[in-house]
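What follows is a short report on a single structure.
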Amino acid sequence: MRILILCHAFNSLSQRVFAELAAAGHEVSVEFDISDEVTREAVALFEPDVIVAPFLKRRIPDEVWRAVPCLIVHPGPPGDRGPNALDWAVLEGKPEWGVSIIRATGELDGGPVLAYRMFPMRHARKSSLYRFEVTEAAVAALAEGLAMALGRIDAPAAPPDTTTWRGAVPKGLRRIDWQADDSETILRKIMSADGQPGASAVLAGLNVRLFDARPEPGVSGRPGTLMARSGGAVLVGARGGALWIGKLRLEGDKQFKRRAVDVLVEHAAPEAQATSLPEWPPEPFAEPGRGPVRYREHGNVGVLEFDYYNGAMSTGDCAELLPVFNEIRSRPVRVIVLAGGSDFWSNGMDLNTIEASMSAADESWANINAIDDLAEAIIRTTDKLTVSALAGNAAAGGVFLALAADEVWARDGIVLNPHYKNMGNLYGSEFWTYLLPKRVGEAGVEAVMGHRLPMLGRQAESLGLVDAVGPNDARRFRAWALERAGRLADRGWEDAITFKKNNLLAEEQDKLLEAWRAVELERMKMNFYGFDPSYHVARYRLVQRTPHAWTPLYLARHRCIGAETRNSIETADERR
Ligand code: COA
């Protein structure tokens with residue numbers, strides 16, 4: 001089928017839907033929902049059999065949904081309608097939620113439900129539910145909805161008898177009242193608005209949005225007052241508890257999420273004492289531990305989690321993670337599993353921290369060097385086997401950091417973006433020039449690096465980028481990875497270690513790791529400090545969430561008719 005994906009942005013769900021439909025053999029093209037005129041034009045050019053809208057904020061123009069079946073993915077169960085479905089579900093603590101595939105009509109979310117899936121809710125932030133439960137439910141329901149829309153299955157699964165329109169969550173319900181709200185209510189408000197738009201509050205006299213909240217068990221403090229700091233997070237007292245807040249965004253134009261400590265130190269009045277808060281050190285080795293880095297041992301297998309918000313790894317994060325990794329290297333385990341973060345395994349450098357720094361070029365340089373130090377430490381771990389176990393998505397440098405391990409295992413449902421091109425054509429580092437050809441061969445390098453599209457774990461496996469794909473369910477994937485790592489630690493471990501040591505020695509006789517790194521960094525220096533500002537522009541746009549003004553040609557294939565080669569398409573994208 002010819003399927004047009006119409007979406008507000010090519011977000012994680014749109015990427016997954018795109019990759020699944022393409023893998024199923026459909027001809028897929030993407031158009032951003034910029035205006036009715038642009039949508040009509042896309043339909044005229046592509047002549048799709050069906051339009052799928054995984055993430056849409058506006059109504060589809062009448063003449064389009066009348067002419068072509070349009071399937072809307074709505075993150076709510078049958079009968080639910082409105083723009084903030086998942087926000088409401090988190091806010092109200094619904095025990096179960098769902099995703100519906102709605103056939104578009106003139107009424108927003110008001111058409112017949114063609115298919116749906118329900119799932120139990122997790123106590124998690126909205127964005128996390130969206131990336132896991134909603135995405136899985138959407139992919140499953142969409143397959144059924146497509147068959148129905150094309151007349152291959154007869155009756156709608158669940159025609160809604162009553163529908164309830166719920167508008168946007170009012171500002172008042174997003175606002176934290178430190179005196180009236182208890183800590184659980186505050187946590188729900190923050191989680192229901194995380195990633196966007198954030199729960200609003202006054203903290204240390206500043207009007208801010210709060211993100212990345214977690215409770216500190218057994219502690220309470222005066223509501224709304226700062227109690228301590230740990231890494232970049234601050235502990236805030238609440239009625240009946242205390243919450244760590246990892247990220248803040250100042251209210252106002254051009255502001256974006258940053259480490260809470262940085263925002264407070266820079267902007268809060270001195271009497272707020274953000275600078276002199278007691279420091280509670282991260283505790284990666286303790287149970288239950290504190291901070292984004294956690295280490296646990298299971299017999300001969302050590303599991304290291306580094307759960308950085310949005311998978312972004314700043315210079316400071318990497319500098320904090322490296323000594324932990326080095327300490328683990330001295331532990332009596334045979335296999336180290338790098339479990340990364342729960343939502344994202346890693347997305348590489350922390351672009352927000354870079355954007356906020358005095359010199360973006362200097363901070364980028366520091367950040368890439370810090371990630372490279374970590375990658376090198378992983379590669380040089382020759383007395384243990386290492387595994388990257390990707391339960392969450394990964395992009396750019398995050399993917400290549402994963403390749404530093406001996407084995408790379410992926411959860412079935414993840415989406416990988418193993419390329420740097422979308423970040424202003426960065427050359428990339430993390431030893432990719434050394435690691436990638438070994439995995440995929442020289443021809444494979446072009447297949448991986450030469451495009452800008454997302455790929456599924458399975459596709460990465462067929463390219464050799466990933467060694468094995470495990471169960472789709474995140475919990476089952478972790479158990480699967482642990483069991484598999486246990487087997488690596490048992491059978492043939494000594495031989496594997498001997499091979500690994502000798503192999504690195506032999507390879508370094510030919511070319512030192514430092515040399516691979518130096519060549520990559522020379523190119524990165526040009527990206528950061530050179531005349532071409534593409535990286536700085538792309539970073540600014542991502543951090544500032546600049547709306548799309550057009551759909552890039554690598555996605556809008558229907559606009560490429562007449563373009564001779566992919567290179568010409570890419571060049572056109574770069575020029576724009
Ligand atoms: N640094 C800082 N923030 C990052 C990030 C990074 N490297 N990668 C992703 N994010 C943030 C996004 O800004 C967004 O922030 P929000 O919570 O304020 O909305 C959030 O993570 C989710 O990203 P989004 O693009 O909405 O999600 P997605 O799942 O649809 O797409 C990516 C994920 C990774 C494909 C996309 O965000 C991306 O291309 N990131 C940049 C990767 C990169 O170039 N890294 C640096 C080079 S090593």
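Chains: A, B, ... in order of the structure tokens. Residues: from 1 per chain. Ligands: from 1, in order shown.
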
Discussion item. Excluding Phe256 (chain A) and its own-chain neighbours fewer than 6 positions away, which residues fall within 7 Å of it when counting only C-alpha atoms? Please give them as a list in words.
Written reply: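 Once the adjacent positions are removed, what remains is Arg249, Val543 and Gln544 of chain A.
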
May I have the residues from that selection written out with N, CA, C and O atoms, as a short mmCIF file (atom, residue, chain, number, x, y, z; two decimals), in the first residue's frame?
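Output contents, as saved in selection_14.cif:
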```cif
data_model
loop_
_atom_site.label_atom_id
_atom_site.label_comp_id
_atom_site.auth_asym_id
_atom_site.auth_seq_id
_atom_site.Cartn_x
_atom_site.Cartn_y
_atom_site.Cartn_z
N ARG A 249 12.66 24.47 33.92
CA ARG A 249 12.70 25.44 32.81
C ARG A 249 12.13 26.74 33.34
O ARG A 249 11.02 26.76 33.89
N VAL A 543 16.71 22.11 20.57
CA VAL A 543 16.55 22.54 21.97
C VAL A 543 15.37 23.50 22.11
O VAL A 543 14.60 23.42 23.05
N GLN A 544 15.25 24.39 21.14
CA GLN A 544 14.16 25.38 21.20
C GLN A 544 12.84 24.85 20.66
O GLN A 544 11.84 25.55 20.66
#
```

Fill in: Shell around Gly82 (chain A) at 8 Å using only C-alpha atoms, local window under 3 positions removed, as a list in words
Ala85, Leu108, Asp109, Trp165, Arg166, Gly167 and Ala168 of chain A

Discussion item. Which residues are near ligand 1 in this structure, taking near to mean any atom at most 7 Å from a ligand atom and counting only C-alpha atoms and all ligand atoms? Format them as a list of chain:residue names.
Written reply: A:Phe10, A:Asn11, A:Ser12, A:Leu13, A:Gly195, A:Gln196, A:Lys257, A:Asn310, A:Gly311, A:Ala312, A:Asn347, A:Gly348, A:Met349, A:Asp350, A:Leu351, A:Asn352, A:Ala394, A:Ala395, A:Ala396, A:Gly397, A:Gly398, A:Asn417, A:Tyr420, A:Asn422, A:Met423, A:Gly428, A:Leu542, A:Val543

So that I have them on file, write out the residues from the current selection with C-alpha atoms, as a PDB file, in the first residue's frame.
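The file below, out04.pdb, is the result:
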```pdb
ATOM      1  CA  PHE A  10       8.480  12.874  13.463  1.00  0.00           C
ATOM      2  CA  ASN A  11       8.470  11.841  17.124  1.00  0.00           C
ATOM      3  CA  SER A  12       9.226   8.425  18.586  1.00  0.00           C
ATOM      4  CA  LEU A  13       5.767   7.011  17.830  1.00  0.00           C
ATOM      5  CA  GLY A 195       8.132  15.983  28.739  1.00  0.00           C
ATOM      6  CA  GLN A 196       5.838  18.906  27.795  1.00  0.00           C
ATOM      7  CA  LYS A 257      15.025  22.472  30.333  1.00  0.00           C
ATOM      8  CA  ASN A 310      16.009  12.123  27.687  1.00  0.00           C
ATOM      9  CA  GLY A 311      19.123   9.995  27.257  1.00  0.00           C
ATOM     10  CA  ALA A 312      21.261  13.139  27.139  1.00  0.00           C
ATOM     11  CA  ASN A 347      20.996   9.992  22.873  1.00  0.00           C
ATOM     12  CA  GLY A 348      24.628  11.090  22.991  1.00  0.00           C
ATOM     13  CA  MET A 349      25.803  14.544  23.974  1.00  0.00           C
ATOM     14  CA  ASP A 350      23.534  16.695  26.124  1.00  0.00           C
ATOM     15  CA  LEU A 351      22.466  19.336  23.633  1.00  0.00           C
ATOM     16  CA  ASN A 352      20.563  21.406  26.213  1.00  0.00           C
ATOM     17  CA  ALA A 394      19.028   5.339  21.097  1.00  0.00           C
ATOM     18  CA  ALA A 395      20.229   7.947  18.665  1.00  0.00           C
ATOM     19  CA  ALA A 396      23.378   9.449  17.219  1.00  0.00           C
ATOM     20  CA  GLY A 397      26.361   9.126  19.575  1.00  0.00           C
ATOM     21  CA  GLY A 398      24.226   7.035  21.926  1.00  0.00           C
ATOM     22  CA  ASN A 417      18.735   6.488  14.754  1.00  0.00           C
ATOM     23  CA  TYR A 420      24.605  12.014  13.018  1.00  0.00           C
ATOM     24  CA  ASN A 422      20.178  15.050  11.491  1.00  0.00           C
ATOM     25  CA  MET A 423      22.310  17.018  13.899  1.00  0.00           C
ATOM     26  CA  GLY A 428      30.479  11.879  14.830  1.00  0.00           C
ATOM     27  CA  LEU A 542      16.067  20.861  18.601  1.00  0.00           C
ATOM     28  CA  VAL A 543      16.551  22.536  21.971  1.00  0.00           C
TER      29      VAL A 543
END
```

Worksheet item: Distance CA of Ser14 (chain A)-CA of Ala53 (chain A), one decimal place?
Response: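 Calculated distance between CA of Ser14 (chain A) and CA of Ala53 (chain A) is 8.1 Å.
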
Worksheet item: Excluding same-chain residues fewer than 6 positions from Glu31 (chain A), what lies within 7 Å of it counting only C-alpha atoms, as a ChimeraX atom specification?
Response: /A:5-7,42,551,556
